[in-house]
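Peer 1: Provided herewith: final.txt, compact mmCIF, C-alpha atoms and all ligand atoms.
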# COMPACT_ATOMS: atom_id res chain seq x y z
CA MET H 56 2.68 -14.11 -21.53
CA LYS H 57 4.29 -11.95 -18.86
CA VAL H 58 3.30 -13.29 -15.44
CA PRO H 59 1.69 -10.58 -13.30
CA LEU H 60 3.05 -9.92 -9.82
CA VAL H 61 0.95 -11.46 -7.06
CA ILE H 62 0.26 -8.92 -4.31
CA ALA H 63 -1.21 -10.48 -1.17
CA HIS H 64 -4.15 -8.21 -0.30
CA ARG H 65 -4.01 -7.74 3.49
CA GLY H 66 -2.03 -11.02 3.50
CA ALA H 67 -3.66 -14.31 2.61
CA SER H 68 -6.88 -12.73 3.84
CA GLY H 69 -9.05 -15.33 2.12
CA TYR H 70 -7.80 -17.82 4.70
CA LEU H 71 -6.92 -15.94 7.91
CA PRO H 72 -7.92 -12.66 9.58
CA GLU H 73 -6.69 -9.77 7.45
CA HIS H 74 -3.43 -8.07 8.42
CA SER H 75 -2.59 -10.62 11.11
CA LEU H 76 1.02 -11.79 10.99
CA PRO H 77 -0.15 -15.39 10.38
CA ALA H 78 -2.01 -14.12 7.28
CA LYS H 79 1.24 -12.52 6.10
CA ALA H 80 3.26 -15.68 6.83
CA LEU H 81 0.77 -17.78 4.89
CA ALA H 82 0.86 -15.41 1.92
CA TYR H 83 4.64 -15.52 2.03
CA ALA H 84 4.62 -19.33 2.03
CA GLN H 85 2.07 -19.38 -0.79
CA GLY H 86 4.55 -17.59 -3.03
CA ALA H 87 3.27 -14.01 -3.12
CA ASP H 88 5.67 -11.51 -4.66
CA TYR H 89 4.52 -8.62 -2.45
CA LEU H 90 2.66 -8.38 0.87
CA GLU H 91 0.29 -5.43 1.32
CA GLN H 92 0.19 -3.18 4.41
CA ASP H 93 -2.71 -0.76 4.88
CA VAL H 94 -1.42 1.80 7.38
CA VAL H 95 -3.25 4.02 9.88
CA SER H 96 -1.96 5.72 13.04
CA THR H 97 -2.59 5.36 16.74
CA ARG H 98 -3.13 8.42 19.00
CA ASP H 99 0.53 8.38 20.02
CA GLY H 100 1.73 8.33 16.43
CA VAL H 101 2.59 4.67 15.90
CA PRO H 102 1.84 3.55 12.32
CA ILE H 103 -0.04 0.26 12.49
CA VAL H 104 -0.96 -2.27 9.81
CA PHE H 105 -4.74 -2.04 9.80
CA HIS H 106 -7.29 -1.31 7.08
CA ASP H 107 -10.10 0.62 8.74
CA LEU H 108 -10.07 3.93 10.58
CA THR H 109 -12.24 2.20 13.17
CA LEU H 110 -11.55 -0.91 15.23
CA ASP H 111 -15.03 -2.35 15.48
CA ALA H 112 -15.33 -4.61 12.43
CA THR H 113 -12.09 -6.56 12.89
CA THR H 114 -11.26 -6.51 16.63
CA ASP H 115 -12.90 -7.16 19.99
CA VAL H 116 -12.75 -3.46 20.93
CA GLY H 117 -16.40 -3.29 22.01
CA ALA H 118 -15.96 -6.12 24.51
CA HIS H 119 -12.50 -4.99 25.63
CA PHE H 120 -13.48 -1.38 26.26
CA PRO H 121 -17.16 -1.75 27.24
CA GLY H 122 -19.38 1.25 27.75
CA CYS H 123 -19.58 4.22 25.45
CA ASP H 124 -16.79 6.44 26.81
CA ARG H 125 -14.20 5.31 24.21
CA ALA H 126 -16.55 5.38 21.22
CA ARG H 127 -17.41 8.48 19.24
CA ALA H 128 -20.96 9.74 18.69
CA ASP H 129 -21.38 7.32 15.81
CA GLY H 130 -20.82 4.44 18.23
CA LEU H 131 -17.47 3.47 16.65
CA HIS H 132 -14.01 3.21 18.19
CA TYR H 133 -11.35 5.04 16.13
CA CYS H 134 -7.76 3.80 16.01
CA ILE H 135 -6.57 7.37 16.41
CA ASP H 136 -8.33 7.68 19.79
CA PHE H 137 -6.24 4.83 21.27
CA ASP H 138 -2.55 4.63 22.19
CA PHE H 139 -0.51 1.79 20.74
CA ALA H 140 -0.34 0.07 24.15
CA GLU H 141 -4.15 -0.05 24.22
CA ILE H 142 -4.38 -1.21 20.61
CA ARG H 143 -2.08 -4.10 21.52
CA GLU H 144 -4.59 -5.33 24.10
CA LEU H 145 -7.13 -6.00 21.35
CA SER H 146 -7.62 -9.27 19.52
CA LEU H 147 -7.79 -9.24 15.74
CA LEU H 148 -10.87 -11.06 14.46
CA GLU H 149 -12.24 -12.04 11.10
CA ARG H 150 -14.30 -9.17 9.63
CA SER H 151 -17.82 -8.96 11.05
CA GLY H 152 -19.56 -7.63 7.95
CA GLU H 153 -21.68 -5.25 10.04
CA ASP H 154 -20.15 -2.01 8.77
CA GLY H 155 -20.90 -2.09 5.06
CA ASN H 156 -17.71 -4.01 4.20
CA PRO H 157 -18.70 -7.55 3.28
CA ARG H 158 -18.11 -10.66 5.36
CA PHE H 159 -17.40 -13.37 2.83
CA ALA H 160 -19.14 -16.69 3.44
CA GLY H 161 -16.78 -19.55 4.20
CA ARG H 162 -13.94 -17.43 5.53
CA PHE H 163 -12.15 -17.92 8.83
CA PRO H 164 -14.43 -18.15 11.88
CA ARG H 165 -14.77 -15.04 14.03
CA ILE H 166 -12.94 -16.52 17.01
CA ASP H 167 -10.44 -14.98 19.44
CA LEU H 168 -6.98 -16.50 18.97
CA GLY H 169 -5.09 -13.65 20.60
CA LEU H 170 -3.91 -12.28 17.26
CA ARG H 171 -2.50 -8.76 17.66
CA ILE H 172 -2.41 -5.69 15.41
CA PRO H 173 1.19 -5.26 14.21
CA SER H 174 2.97 -1.94 13.99
CA LEU H 175 4.41 -1.19 10.56
CA HIS H 176 7.88 -1.54 12.08
CA GLU H 177 7.09 -5.02 13.43
CA GLU H 178 5.65 -6.18 10.15
CA LEU H 179 8.63 -5.01 8.11
CA SER H 180 10.91 -6.74 10.64
CA PHE H 181 8.86 -9.90 10.21
CA ILE H 182 9.18 -9.79 6.41
CA ARG H 183 12.89 -8.99 6.60
CA GLY H 184 13.30 -12.02 8.85
CA LEU H 185 11.44 -14.27 6.43
CA ASN H 186 13.50 -12.96 3.52
CA GLN H 187 16.63 -13.72 5.51
CA THR H 188 15.63 -17.28 6.41
CA SER H 189 14.13 -18.17 3.02
CA GLY H 190 16.63 -16.42 0.78
CA ARG H 191 13.73 -14.91 -1.15
CA ALA H 192 13.10 -11.22 -1.78
CA VAL H 193 9.40 -10.72 -1.14
CA GLY H 194 8.46 -7.07 -1.33
CA VAL H 195 6.26 -4.74 0.69
CA TYR H 196 3.35 -2.68 -0.59
CA PRO H 197 2.21 -0.14 2.04
CA GLU H 198 -0.85 2.08 1.56
CA ILE H 199 -1.19 5.43 3.30
CA LYS H 200 -4.82 5.40 4.46
CA HIS H 201 -6.74 8.67 4.72
CA PRO H 202 -3.82 11.10 5.09
CA GLU H 203 -6.10 14.14 5.37
CA PHE H 204 -8.13 12.57 8.19
CA HIS H 205 -4.88 12.00 10.09
CA ARG H 206 -3.69 15.54 9.35
CA GLN H 207 -6.90 16.98 10.80
CA ALA H 208 -6.07 15.01 13.96
CA GLY H 209 -2.54 16.44 14.04
CA ILE H 210 -0.74 13.38 12.71
CA GLU H 211 1.34 13.41 9.51
CA LEU H 212 0.85 9.77 8.58
CA THR H 213 2.99 10.01 5.45
CA ASN H 214 5.97 11.22 7.51
CA LEU H 215 5.53 8.26 9.85
CA VAL H 216 5.36 5.76 7.00
CA LEU H 217 8.33 7.22 5.13
CA GLY H 218 10.35 7.21 8.34
CA VAL H 219 9.81 3.48 8.85
CA LEU H 220 10.42 2.70 5.16
CA ASP H 221 13.67 4.65 5.30
CA GLU H 222 14.78 2.73 8.40
CA PHE H 223 14.38 -0.52 6.45
CA GLY H 224 16.12 0.76 3.33
CA TYR H 225 12.96 0.86 1.22
CA LEU H 226 13.57 4.39 -0.08
CA GLN H 227 16.51 3.14 -2.19
CA GLY H 228 15.96 2.84 -5.93
CA ASP H 229 16.25 -0.94 -6.14
CA ALA H 230 14.07 -1.70 -3.10
CA GLN H 231 11.19 -4.16 -3.39
CA CYS H 232 8.58 -1.62 -2.37
CA PHE H 233 5.57 0.10 -3.90
CA LEU H 234 3.90 2.89 -1.93
CA GLN H 235 0.19 3.32 -2.74
CA CYS H 236 -2.43 5.93 -1.90
CA PHE H 237 -5.81 7.13 -3.21
CA ASP H 238 -4.85 10.76 -2.47
CA ALA H 239 -3.07 12.23 -5.51
CA GLY H 240 -1.87 15.36 -3.70
CA GLU H 241 -0.24 13.20 -1.05
CA LEU H 242 1.58 11.07 -3.62
CA ARG H 243 2.85 14.16 -5.44
CA GLN H 244 4.39 15.36 -2.18
CA VAL H 245 5.96 11.94 -1.61
CA ARG H 246 7.51 12.09 -5.09
CA ALA H 247 9.24 15.34 -4.19
CA ARG H 248 10.68 13.82 -1.00
CA ALA H 249 11.47 10.23 -2.01
CA ARG H 250 12.72 10.38 -5.57
CA ASP H 251 13.52 6.67 -5.96
CA LEU H 252 10.40 5.21 -4.35
CA SER H 253 7.94 3.46 -6.70
CA LEU H 254 4.50 5.04 -6.33
CA ILE H 255 1.11 3.60 -7.25
CA GLN H 256 -1.87 5.92 -7.63
CA LEU H 257 -4.97 4.08 -6.49
CA LEU H 258 -8.12 4.89 -8.46
CA SER H 259 -11.67 4.70 -7.12
CA ALA H 260 -13.19 5.22 -10.59
CA ALA H 261 -12.12 4.85 -14.21
CA PRO H 262 -9.64 7.62 -15.09
CA GLY H 263 -10.94 10.70 -16.87
CA ALA H 264 -9.45 12.45 -19.90
CA GLY H 265 -5.79 13.30 -19.36
CA GLU H 266 -5.73 11.77 -15.89
CA LEU H 267 -3.31 8.95 -16.70
CA GLU H 268 -0.80 11.38 -18.26
CA ARG H 269 -0.99 13.58 -15.15
CA ILE H 270 -0.41 10.55 -12.92
CA ALA H 271 2.58 9.47 -15.00
CA ALA H 272 4.33 12.70 -14.03
CA TYR H 273 4.77 11.48 -10.44
CA ALA H 274 3.84 7.76 -10.21
CA GLN H 275 5.09 4.49 -11.66
CA GLY H 276 1.67 2.90 -11.87
CA VAL H 277 -2.03 2.86 -11.11
CA GLY H 278 -4.17 0.60 -8.93
CA PRO H 279 -7.67 0.60 -10.44
CA ALA H 280 -10.63 -1.54 -9.44
CA LEU H 281 -10.57 -4.49 -11.84
CA ASP H 282 -14.17 -3.69 -12.85
CA ASP H 283 -12.96 -0.40 -14.30
CA LEU H 284 -10.73 -2.16 -16.87
CA TYR H 285 -13.22 -4.22 -18.87
CA THR H 286 -16.70 -4.53 -20.27
CA VAL H 287 -18.94 -7.55 -20.78
CA SER H 288 -20.58 -8.01 -24.14
CA GLY H 289 -22.67 -11.19 -24.28
CA GLU H 290 -20.25 -14.03 -23.53
CA GLN H 291 -17.26 -11.80 -24.26
CA VAL H 292 -15.17 -9.99 -21.65
CA VAL H 293 -13.05 -7.33 -23.34
CA SER H 294 -10.74 -4.50 -22.35
CA ASN H 295 -12.37 -1.07 -22.24
CA GLY H 296 -9.06 0.51 -23.30
CA VAL H 297 -8.00 1.87 -19.91
CA ARG H 298 -5.26 -0.73 -19.49
CA GLU H 299 -3.78 0.05 -22.92
CA ALA H 300 -3.99 3.79 -22.27
CA ALA H 301 -2.14 3.34 -18.99
CA GLY H 302 0.58 1.37 -20.76
CA GLN H 303 0.93 4.09 -23.37
CA ALA H 304 1.34 6.62 -20.56
CA GLY H 305 4.17 4.46 -19.20
CA LEU H 306 2.24 3.29 -16.14
CA LEU H 307 2.17 -0.12 -14.52
CA VAL H 308 -1.32 -1.49 -13.86
CA HIS H 309 -2.06 -3.37 -10.59
CA PRO H 310 -5.84 -3.88 -10.26
CA TYR H 311 -7.64 -4.80 -7.03
CA THR H 312 -9.06 -7.23 -5.75
CA LEU H 313 -9.20 -10.84 -7.02
CA ARG H 314 -11.39 -13.00 -4.79
CA GLU H 315 -12.44 -16.58 -5.41
CA ASP H 316 -15.52 -16.02 -3.25
CA ALA H 317 -16.61 -12.75 -4.88
CA LEU H 318 -16.09 -13.01 -8.62
CA PRO H 319 -16.64 -9.84 -10.66
CA LYS H 320 -19.22 -9.32 -13.39
CA GLY H 321 -19.02 -11.62 -16.41
CA VAL H 322 -16.39 -13.94 -14.91
CA ALA H 323 -17.36 -17.60 -14.41
CA ASP H 324 -14.58 -18.81 -12.11
CA PHE H 325 -11.16 -17.94 -10.71
CA ASP H 326 -9.27 -19.43 -13.66
CA ALA H 327 -11.25 -17.20 -16.02
CA LEU H 328 -10.45 -14.26 -13.75
CA LEU H 329 -6.73 -15.02 -13.98
CA ARG H 330 -6.96 -15.34 -17.79
CA LEU H 331 -8.74 -12.00 -17.95
CA CYS H 332 -5.93 -10.35 -15.96
CA ALA H 333 -2.91 -12.08 -17.47
CA VAL H 334 -4.00 -12.55 -21.10
CA THR H 335 -6.90 -10.26 -22.03
CA LEU H 336 -5.67 -7.28 -20.03
CA ALA H 337 -2.00 -8.25 -19.58
CA VAL H 338 -1.80 -6.35 -16.31
CA ASP H 339 1.49 -6.05 -14.43
CA GLY H 340 0.24 -7.25 -11.05
CA VAL H 341 -2.90 -8.18 -9.13
CA PHE H 342 -4.08 -7.69 -5.57
CA THR H 343 -5.66 -10.89 -4.33
CA ASP H 344 -7.00 -12.39 -1.10
CA PHE H 345 -5.94 -15.83 -2.44
CA PRO H 346 -2.23 -15.66 -3.33
CA ASP H 347 -1.92 -19.45 -3.69
CA LEU H 348 -4.60 -19.61 -6.39
CA ALA H 349 -3.06 -16.72 -8.30
CA VAL H 350 0.50 -18.11 -8.11
CA ASP H 351 -0.61 -21.58 -9.26
CA GLY H 352 -3.06 -20.30 -11.86
CA PHE H 353 -0.58 -17.91 -13.47
CA ARG H 354 2.01 -20.70 -13.55
CA GLN H 355 -0.39 -22.91 -15.49
CA LEU H 356 -1.18 -20.14 -17.96
CA ARG H 357 2.48 -19.63 -18.89
O1 LIG B 1 -4.83 -1.04 -2.07
C1 LIG B 1 -5.50 -1.72 -3.06
C2 LIG B 1 -6.80 -2.04 -2.50
O2 LIG B 1 -6.51 -2.67 -1.30
C3 LIG B 1 -7.57 -0.77 -2.26
O3 LIG B 1 -8.67 -1.00 -1.53
O4 LIG B 1 -9.92 -0.70 0.52
O5 LIG B 1 -8.76 -2.85 0.11
O6 LIG B 1 -7.46 -0.82 0.69
P1 LIG B 1 -8.69 -1.37 0.02
CA CA B 2 -5.23 -1.42 0.42
Can I see the file as structure tokens?
Ligand code: G3P
Ligand code: CA
Peer 2:
Amino acid sequence: MKVPLVIAHRGASGYLPEHSLPAKALAYAQGADYLEQDVVSTRDGVPIVFHDLTLDATTDVGAHFPGCDRARADGLHYCIDFDFAEIRELSLLERSGEDGNPRFAGRFPRIDLGLRIPSLHEELSFIRGLNQTSGRAVGVYPEIKHPEFHRQAGIELTNLVLGVLDEFGYLQGDAQCFLQCFDAGELRQVRARARDLSLIQLLSAAPGAGELERIAAYAQGVGPALDDLYTVSGEQVVSNGVREAAGQAGLLVHPYTLREDALPKGVADFDALLRLCAVTLAVDGVFTDFPDLAVDGFRQLR
């Protein structure tokens, strides 16, 4: 059995507030192979490691900037309406679960510990420092979030991300870096500009006819939702053929997101989930909120 890469989804986000540097340090110590960075921009063009376009679900923005003058008509505070200096005043919190994204029971309490939103530059410095002190080579896995939204606001997010990656040497062919995005047009443009960078096309639905072959022309792999790779038939959980088709197209497969506290359909426990990924589907990597469980579980399956 080939052991899949363990990609820490927003850090060890099953244990600590997502995208905080402590969550990244924990994931690093738990043995993750790659640490994920979702990237959005501030008003003054600083790429920050943050999942949502809006600050409300995972920071104290409402309390820090009271009143409605900094919120849009929908009542939400957008990262892109704040300068980096203002963003730095905010405390990162565990996800509230009030915006449609779930708050998982049993996760870190929603308390203010003064955790700050890192810039992409700071986070890559942090990982470079850990690689230096540990002697390991843990990789980075940035995602360009909503490039068209940023473009409409006058910010070329992809340029910002590529600039920081270049500064850290991640555009070289042998770099431990995958760049991911849901936007296929954006990734095609990246391919033309960064020939050696490994690209992962994220998928929000199972691929249609010919889609995997088209993706293989510019990307090294796909990031599908795990649910889109298998079917449940009675007690049996079997591949639906997408994983094999991706392999035939020459694509890596890195499904998202393995969570001990939110198991997918037909899967009894986390060990069964790991067996599904590593044995039944033989995927190349997994995004998980629980890097420790994936590292240990894959080790036992070997
Ligand atoms: O990037 C893989 C997975 O993280 C995609 O979903 O919403 O968690 O960024 P999301
Ligand atoms: Ca992501």
Peer 1: At a cut-off of 6 Å, using all atoms listed in the file, what residues contact region 307-312 of chain H? Leave out same-chain residues fewer than 2 positions from it and give the result as a list of chain:residue names.
Peer 2: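 Within the cut-off, the hits are H:Gly276, H:Val277, H:Gly278, H:Pro279, H:Ala280, H:Leu281, H:Val338, H:Asp339, H:Gly340, H:Val341, H:Phe342, H:Thr343.
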Peer 1: Could you tell me, as a list of chain:residue names, which residues have any atom at most 7 Å from (-7.7, -14.0, -2.4), counting only C-alpha atoms?
Peer 2: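 Looking at atoms near the point gives H:Ala67, H:Ser68, H:Gly69, H:Leu313, H:Arg314, H:Glu315, H:Thr343, H:Asp344, H:Phe345, H:Pro346.
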Peer 1: Return as an MDAnalysis selection string the residues of protein, DNA or RNA that approach ligand CA 2 (chain B) to within 10 Å, with only C-alpha atoms and all ligand atoms taken into account.
Peer 2: chainID H and resid 64:65 91:94 105:107 196:200 235:237 257 278 311:312 342
Peer 1: Counting all atoms listed in the file, which residues come within 10 Å of (4.7, 5.5, 13.4), with the point read in the file's coordinates, and could you list them as an mmCIF file with C-alpha atoms, in the frame of the given file?
Peer 2:
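Result file follows (point-v3.cif):
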data_model
loop_
_atom_site.group_PDB
_atom_site.id
_atom_site.type_symbol
_atom_site.label_atom_id
_atom_site.label_comp_id
_atom_site.auth_asym_id
_atom_site.auth_seq_id
_atom_site.Cartn_x
_atom_site.Cartn_y
_atom_site.Cartn_z
ATOM 1 C CA VAL H 94 -1.420 1.800 7.380
ATOM 2 C CA VAL H 95 -3.250 4.020 9.880
ATOM 3 C CA SER H 96 -1.960 5.720 13.040
ATOM 4 C CA THR H 97 -2.590 5.360 16.740
ATOM 5 C CA ASP H 99 0.530 8.380 20.020
ATOM 6 C CA GLY H 100 1.730 8.330 16.430
ATOM 7 C CA VAL H 101 2.590 4.670 15.900
ATOM 8 C CA PRO H 102 1.840 3.550 12.320
ATOM 9 C CA ILE H 103 -0.040 0.260 12.490
ATOM 10 C CA PHE H 139 -0.510 1.790 20.740
ATOM 11 C CA SER H 174 2.970 -1.940 13.990
ATOM 12 C CA LEU H 175 4.410 -1.190 10.560
ATOM 13 C CA HIS H 176 7.880 -1.540 12.080
ATOM 14 C CA ILE H 210 -0.740 13.380 12.710
ATOM 15 C CA GLU H 211 1.340 13.410 9.510
ATOM 16 C CA LEU H 212 0.850 9.770 8.580
ATOM 17 C CA THR H 213 2.990 10.010 5.450
ATOM 18 C CA ASN H 214 5.970 11.220 7.510
ATOM 19 C CA LEU H 215 5.530 8.260 9.850
ATOM 20 C CA VAL H 216 5.360 5.760 7.000
ATOM 21 C CA LEU H 217 8.330 7.220 5.130
ATOM 22 C CA GLY H 218 10.350 7.210 8.340
ATOM 23 C CA VAL H 219 9.810 3.480 8.850
#
Peer 1: Hey, which of H:His119, H:Arg171, H:Arg243, H:His201 ends up closest to ligand LIG 1 (chain B)? Count only C-alpha atoms and all ligand atoms.
Peer 2: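 With only C-alpha atoms and all ligand atoms as the atom set, the closest residue is H:His201.
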Peer 1: Return the single residue from H:Ala247, H:Leu148, H:Val116, H:Ala271 that is closest to Cys134 (chain H), with distances computed using all atoms listed in the file.
Peer 2: H:Val116
